[in-house]
Every structure is written in C-alpha cells, then in structure tokens.
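J.: My structure is in coords.txt, and what it holds is compact mmCIF, C-alpha atoms:
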```txt
# COMPACT_ATOMS: atom_id res chain seq x y z
CA MET A 1 124.04 -26.44 32.16
CA GLY A 2 121.94 -23.30 32.09
CA GLY A 3 121.35 -23.69 28.36
CA GLU A 4 119.90 -27.16 28.69
CA THR A 5 116.26 -27.23 27.77
CA ALA A 6 113.81 -28.65 30.22
CA HIS A 7 112.51 -31.17 27.72
CA ALA A 8 115.87 -32.50 26.55
CA ASN A 9 115.29 -35.87 28.17
CA LEU A 10 111.55 -35.84 27.92
CA PRO A 11 111.14 -39.28 26.30
CA SER A 12 112.86 -40.94 29.24
CA GLN A 13 110.99 -38.88 31.79
CA MET A 14 107.48 -39.02 30.44
CA PRO A 15 105.71 -41.31 28.00
CA ILE A 16 104.73 -39.37 24.94
CA GLN A 17 101.08 -39.72 24.08
CA ILE A 18 100.19 -40.03 20.45
CA ALA A 19 98.22 -36.93 19.57
CA ARG A 20 94.58 -37.71 18.95
CA ALA A 21 91.81 -35.57 17.67
CA CYS A 22 88.98 -34.87 20.07
CA ILE A 23 86.12 -37.33 19.88
CA PRO A 24 82.95 -35.53 18.82
CA TYR A 25 80.28 -36.33 21.33
CA THR A 26 76.74 -35.05 21.64
CA PRO A 27 74.87 -36.06 24.80
CA PHE A 28 71.46 -37.56 24.25
CA LYS A 29 68.95 -35.90 26.52
CA ARG A 30 65.69 -36.80 24.84
CA ASP A 31 63.48 -39.85 24.95
CA LEU A 32 63.89 -42.28 22.08
CA ASN A 33 60.13 -42.54 21.64
CA GLY A 34 60.08 -38.85 20.85
CA SER A 35 63.13 -38.92 18.59
CA ARG A 36 63.77 -39.18 14.88
CA VAL A 37 66.42 -41.70 13.91
CA ALA A 38 68.47 -41.81 10.70
CA LEU A 39 70.76 -44.56 9.46
CA VAL A 40 74.18 -43.77 8.04
CA THR A 41 76.12 -46.70 6.65
CA THR A 42 79.35 -47.49 4.87
CA ALA A 43 78.01 -50.88 3.82
CA GLY A 44 77.60 -49.85 0.19
CA VAL A 45 73.82 -50.10 0.23
CA TYR A 46 71.89 -48.76 -2.74
CA ALA A 47 68.38 -49.23 -4.08
CA GLU A 48 67.44 -50.76 -7.40
CA GLY A 49 67.50 -48.02 -10.00
CA MET A 50 70.37 -46.17 -8.29
CA GLU A 51 73.92 -46.21 -9.58
CA PRO A 52 75.84 -48.97 -7.77
CA PHE A 53 79.02 -47.99 -5.95
CA THR A 54 82.34 -48.50 -7.69
CA ASP A 55 85.75 -49.30 -6.24
CA ASN A 56 87.18 -46.51 -4.13
CA ASP A 57 83.98 -44.52 -4.36
CA LEU A 58 83.51 -41.25 -2.47
CA SER A 59 79.90 -40.73 -3.50
CA PHE A 60 76.90 -41.48 -1.37
CA ARG A 61 73.30 -42.45 -1.91
CA LYS A 62 70.18 -41.19 -0.17
CA ILE A 63 68.01 -44.18 0.64
CA PRO A 64 64.32 -43.28 1.04
CA SER A 65 62.77 -44.48 4.26
CA ASP A 66 59.79 -45.98 2.48
CA VAL A 67 61.94 -48.14 0.19
CA ASP A 68 61.06 -51.80 -0.20
CA THR A 69 64.02 -53.34 1.60
CA GLY A 70 63.80 -56.28 -0.81
CA GLU A 71 64.98 -53.83 -3.46
CA LEU A 72 68.12 -52.82 -1.56
CA ARG A 73 71.44 -54.09 -2.85
CA VAL A 74 75.07 -53.91 -1.74
CA VAL A 75 78.24 -53.66 -3.79
CA ALA A 76 80.32 -56.82 -3.96
CA GLY A 77 84.04 -56.61 -3.20
CA HIS A 78 83.85 -54.40 -0.15
CA TYR A 79 83.06 -57.43 2.03
CA ASP A 80 81.36 -60.78 1.56
CA PRO A 81 77.86 -59.64 0.55
CA THR A 82 76.19 -63.04 0.86
CA SER A 83 74.38 -62.31 4.11
CA ALA A 84 73.39 -58.76 3.17
CA ALA A 85 72.08 -59.99 -0.17
CA ALA A 86 69.88 -62.48 1.68
CA ASP A 87 68.77 -59.97 4.32
CA ILE A 88 69.80 -56.34 4.07
CA ASN A 89 69.13 -55.93 7.79
CA CYS A 90 72.42 -57.72 8.46
CA VAL A 91 74.16 -54.43 7.65
CA PHE A 92 71.37 -51.87 7.23
CA PRO A 93 68.65 -52.53 9.82
CA LEU A 94 65.86 -50.44 8.31
CA ASP A 95 63.19 -53.10 8.91
CA ARG A 96 64.24 -53.37 12.53
CA LEU A 97 64.09 -49.60 12.89
CA ARG A 98 60.54 -49.79 11.52
CA ASP A 99 59.79 -52.46 14.13
CA LEU A 100 61.02 -50.14 16.87
CA VAL A 101 58.73 -47.39 15.60
CA SER A 102 55.81 -49.84 15.51
CA ASN A 103 56.61 -50.89 19.07
CA GLY A 104 56.72 -47.29 20.23
CA VAL A 105 60.38 -47.50 21.21
CA VAL A 106 61.51 -45.01 18.55
CA GLY A 107 59.45 -41.97 17.60
CA LYS A 108 60.14 -41.55 13.89
CA ILE A 109 62.45 -42.56 11.10
CA SER A 110 64.01 -39.82 9.00
CA ASP A 111 62.77 -39.45 5.41
CA PHE A 112 66.11 -40.61 4.01
CA HIS A 113 69.19 -42.48 5.11
CA ILE A 114 72.75 -42.06 3.89
CA SER A 115 74.84 -44.83 2.40
CA MET A 116 78.46 -44.90 1.28
CA GLY A 117 80.67 -47.56 -0.21
CA LEU A 118 84.32 -48.31 0.32
CA THR A 119 87.03 -45.71 -0.18
CA THR A 120 90.70 -45.50 0.65
CA GLN A 121 90.72 -41.77 -0.08
CA LEU A 122 90.52 -41.03 3.60
CA ARG A 123 92.02 -37.56 3.52
CA LYS A 124 89.56 -36.40 0.89
CA LEU A 125 86.78 -38.13 2.77
CA LYS A 126 87.64 -36.34 6.00
CA GLU A 127 88.54 -32.92 4.63
CA ASP A 128 86.00 -32.61 1.85
CA VAL A 129 83.23 -35.19 1.51
CA SER A 130 82.49 -35.48 5.21
CA TRP A 131 81.30 -31.85 5.28
CA THR A 132 78.84 -32.52 2.48
CA LEU A 133 77.71 -35.66 4.24
CA ALA A 134 77.24 -33.79 7.50
CA GLU A 135 75.10 -31.19 5.73
CA GLU A 136 72.97 -33.92 4.16
CA VAL A 137 72.50 -35.61 7.52
CA ALA A 138 71.66 -32.30 9.19
CA ARG A 139 68.94 -31.69 6.57
CA LEU A 140 67.28 -34.91 7.73
CA ARG A 141 66.96 -33.31 11.18
CA PRO A 142 67.57 -36.53 13.08
CA ASP A 143 67.84 -36.58 16.83
CA VAL A 144 69.89 -39.75 16.59
CA VAL A 145 72.13 -41.21 13.91
CA LEU A 146 72.73 -44.94 13.96
CA LEU A 147 75.91 -45.79 12.10
CA THR A 148 76.69 -49.17 10.60
CA GLY A 149 79.63 -50.53 8.64
CA GLY A 150 79.63 -53.63 6.51
CA MET B 151 74.86 -28.46 18.63
CA GLY B 152 75.63 -31.84 17.21
CA ILE B 153 73.59 -34.96 16.65
CA ALA B 154 73.81 -37.86 19.06
CA SER B 155 75.18 -40.92 17.32
CA VAL B 156 75.94 -44.54 18.02
CA LEU B 157 77.88 -47.00 15.90
CA ILE B 158 77.43 -50.73 15.45
CA THR B 159 80.85 -52.08 14.56
CA VAL B 160 82.35 -55.52 14.06
CA SER B 161 85.80 -54.00 13.51
CA PRO B 162 86.34 -52.39 16.91
CA ASP B 163 90.08 -51.84 16.49
CA GLU B 164 89.56 -49.97 13.24
CA SER B 165 86.57 -48.10 14.59
CA GLU B 166 88.49 -46.98 17.64
CA GLN B 167 90.89 -45.10 15.38
CA ALA B 168 87.97 -43.18 13.91
CA GLY B 169 86.81 -42.08 17.36
CA PRO B 170 83.07 -42.80 17.32
CA SER B 171 81.02 -41.08 20.01
CA ARG B 172 79.65 -44.40 21.24
CA ALA B 173 79.78 -47.86 19.78
CA LEU B 174 78.55 -51.40 20.25
CA TYR B 175 80.64 -54.37 19.17
CA PRO B 176 78.23 -57.29 18.85
CA LYS B 177 80.51 -60.24 19.34
CA PRO B 178 81.12 -62.68 17.57
CA PHE B 179 79.77 -61.25 14.35
CA THR B 180 82.01 -60.28 11.48
CA VAL B 181 82.01 -57.91 8.53
CA GLY B 182 78.98 -58.44 6.36
CA GLN B 183 76.94 -59.53 9.38
CA SER B 184 77.12 -56.56 11.71
CA LEU B 185 73.71 -57.51 13.10
CA GLY B 186 74.21 -61.25 12.88
CA PRO B 187 73.19 -63.84 10.31
CA PRO B 188 70.33 -63.28 7.86
CA HIS B 189 66.66 -63.59 8.81
CA GLN B 190 67.17 -63.44 12.57
CA ALA B 191 64.88 -60.54 13.24
CA ALA B 192 64.76 -61.06 17.01
CA LEU B 193 68.54 -61.01 17.23
CA GLN B 194 68.76 -57.97 14.98
CA LEU B 195 66.22 -56.23 17.17
CA ARG B 196 68.25 -57.01 20.31
CA ILE B 197 71.40 -55.63 18.75
CA ILE B 198 69.85 -52.41 17.45
CA SER B 199 68.07 -51.92 20.78
CA ASP B 200 71.29 -52.47 22.72
CA ALA B 201 73.06 -49.97 20.49
CA LEU B 202 70.36 -47.35 21.00
CA ASP B 203 70.43 -48.03 24.74
CA LEU B 204 74.02 -46.77 24.78
CA LEU B 205 72.62 -43.31 24.08
CA LYS B 206 71.16 -43.27 27.57
CA ASN B 207 74.45 -44.07 29.26
CA PRO B 208 76.56 -41.03 29.98
CA GLY B 209 79.67 -43.02 29.13
CA GLU B 210 83.03 -41.62 28.21
CA PRO B 211 83.21 -40.42 24.58
CA GLY B 212 84.78 -43.04 22.35
CA THR B 213 83.75 -46.01 24.45
CA ILE B 214 83.17 -49.20 22.46
CA VAL B 215 81.01 -51.62 24.42
CA THR B 216 81.49 -55.30 23.63
CA LYS B 217 78.48 -57.54 24.05
CA ASP B 218 78.49 -61.25 23.31
CA TYR B 219 75.47 -62.60 21.48
CA GLY B 220 76.66 -66.17 21.60
CA PRO B 221 77.26 -68.63 18.80
CA THR B 222 75.73 -67.84 15.45
CA ALA B 223 73.13 -70.12 13.99
```
Can I see the file as structure tokens?

T.:
Amino acid sequence: MGGETAHANLPSQMPIQIARACIPYTPFKRDLNGSRVALVTTAGVYAEGMEPFTDNDLSFRKIPSDVDTGELRVVAGHYDPTSAAADINCVFPLDRLRDLVSNGVVGKISDFHISMGLTTQLRKLKEDVSWTLAEEVARLRPDVVLLTGG
Amino acid sequence: MGIASVLITVSPDESEQAGPSRALYPKPFTVGQSLGPPHQAALQLRIISDALDLLKNPGEPGTIVTKDYGPTA
C-alpha cells in the first residue's frame, strides 16, 4: 500500500471547493464628503452625438459629468429600456449623485463616467479590455467607483 | 492601491460570479430599473445612499447585501 497516494480518495474525504479568483477589495478609509465619485455602468448609456452601442460591443463611452441627463440614451436589446428612456437615473444615477454633492454627502463627481454595453466576449473583456477600462477609470482619479448594471 | 467600489445589482446571482468588492441588491427591482421605477428621485436617492453606505462597513469582500424597498409604484 506504500505506493498509494495520500489524495487517492480525496473526493470522498473532503469536499472539493471550486477554485475562485480572489475578490479585489480596497478598503474605504476616507469620508464621502471629501471623496470624488465616478460612475461605471454596463447599462449601455451614451450621450446624443456619440456612437450608440451595437450588439456584442466591447467599446466604452466616456460620459461627461456636466452632460444634460435628458440627452442620455441607452441601447435597446440589452434589457427593456423603457424605464431608462423615461428616466436615465433608473440605471445611471448621475442626477442623484449631483444631489448628494449638493447635500454635502459626496465631495465631488469625477469629470467623466464610463459606460459599456452588452458583450458575451467575456474572455476578451477580462484579459484585454478591462485593463484599458481600469486605466481610464484611474485617470479620473476617483476615490470611489459606483458600479451599475442595466 | 486600488479604488474602493460598490455595485448596485439586480442580478445578484450573476454578480456574485463576478466577485464585486461590495454590492447592494435593491429588492424587488429588476433589470432596467436598478434604482427603481422612473421619476422616483427620493427612492433613487435612498438606494444610492444605501449603496455608498456599504463603503463604511468593513464587510467581507464579495458580500452582496439585499435590502427590500417594498412594492414598486
């Protein structure tokens, strides 16, 4: 029996955990009223005059903070856009973020926000595009990123 | 150094797979209404405030907090 490996019966001895990547986590040690907040969304938000998202789109748009939110649009097909078309804050709460700045709860809003549409190219998103996105977000120098989906 | 982040999700099962640092699931809203129905600014403000409040909690990474905002109008 000397040649028997110690893990020969491992599945019956120990539940095997599905390997998971570490969860990136940055503690927040500042005060919100002294912090700059940026929005990052996958709700397919774009402003009038920008190229709308297409199906399976890996591109992203930089939404200026001073945009008229009445001029923000979402791509149809990703989800039912009825509510977002009526009020973009349903998926992209820029007006509410402005309210929080006015109320003194949040310090500042970043100059731009990042918006993506829908993609099923998840490997390319993770291994390629996400690095570009991270660089774009870092350039905004936010203290906090608020993420929203559709 | 990273950037502190918090997610508002109405697809918590899918979001869990992505491993967000922190997340709020505002129940019972669905995709397309992550912050509730249109033109409910007070509700939207509650949800965004609750999400940002999660930054102050030293919770375990990946925790998705469910909060019920009652029936939609």

J.: Just want the 10 Å neighbourhood of Leu118 (chain A), counted on only C-alpha atoms, with same-chain residues fewer than 2 positions away dropped. Output as a list in words.

T.: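 Residues near the query, excluding close chain neighbours: Thr42, Ala43, Gly44, Phe53, Thr54, Asp55, Asn56, Asp57, Leu58, Ser59, Val75, Gly77, His78, Tyr79, Met116, Thr120, Gln121, Gly149 and Gly150 of chain A.
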
J.: From the set A:Arg36, A:Arg73, A:Lys62, A:Arg123, which residue has the shortest atom-to-atom contact distance to Leu97 (chain A), counting only C-alpha atoms?

T.: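 Checking each of A:Arg36, A:Arg73, A:Lys62, A:Arg123 against Leu97 (chain A), counting only C-alpha atoms, the winner is A:Arg36.
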
J.: Between CA of Ser130 (chain A) and CA of Glu210 (chain B), what is the spacing in Å?

T.: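 These two atoms are separated by 23.8 Å.
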
J.: If we count all atoms listed in the file, which residues of chain A reach to within 10 Å of chain B? Please list them as a count of residues only.

T.: 55

J.: To one decimal in Å, tell me the separation between CA of Ser65 (chain A) and CA of Phe179 (chain B).

T.: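 Separation between CA of Ser65 (chain A) and CA of Phe179 (chain B): 25.9 Å.
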
J.: For CA of Leu174 (chain B) and CA of Asp200 (chain B), quote the distance in Å rounded to one decimal.

T.: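 Between CA of Leu174 (chain B) and CA of Asp200 (chain B) the gap is 7.7 Å.
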
J.: To test the calculation: enclose all listed atoms of region 112-130 of chain A in a box whose edges run along x, y and z, add 5 Å on each side, then state centre and edge lengths in Å to one decimal, as lines of an AutoDock Vina configuration file.

T.:
```
center_x = 79.1
center_y = -40.5
center_z = 2.9
size_x = 35.9
size_y = 25.7
size_z = 16.2
```
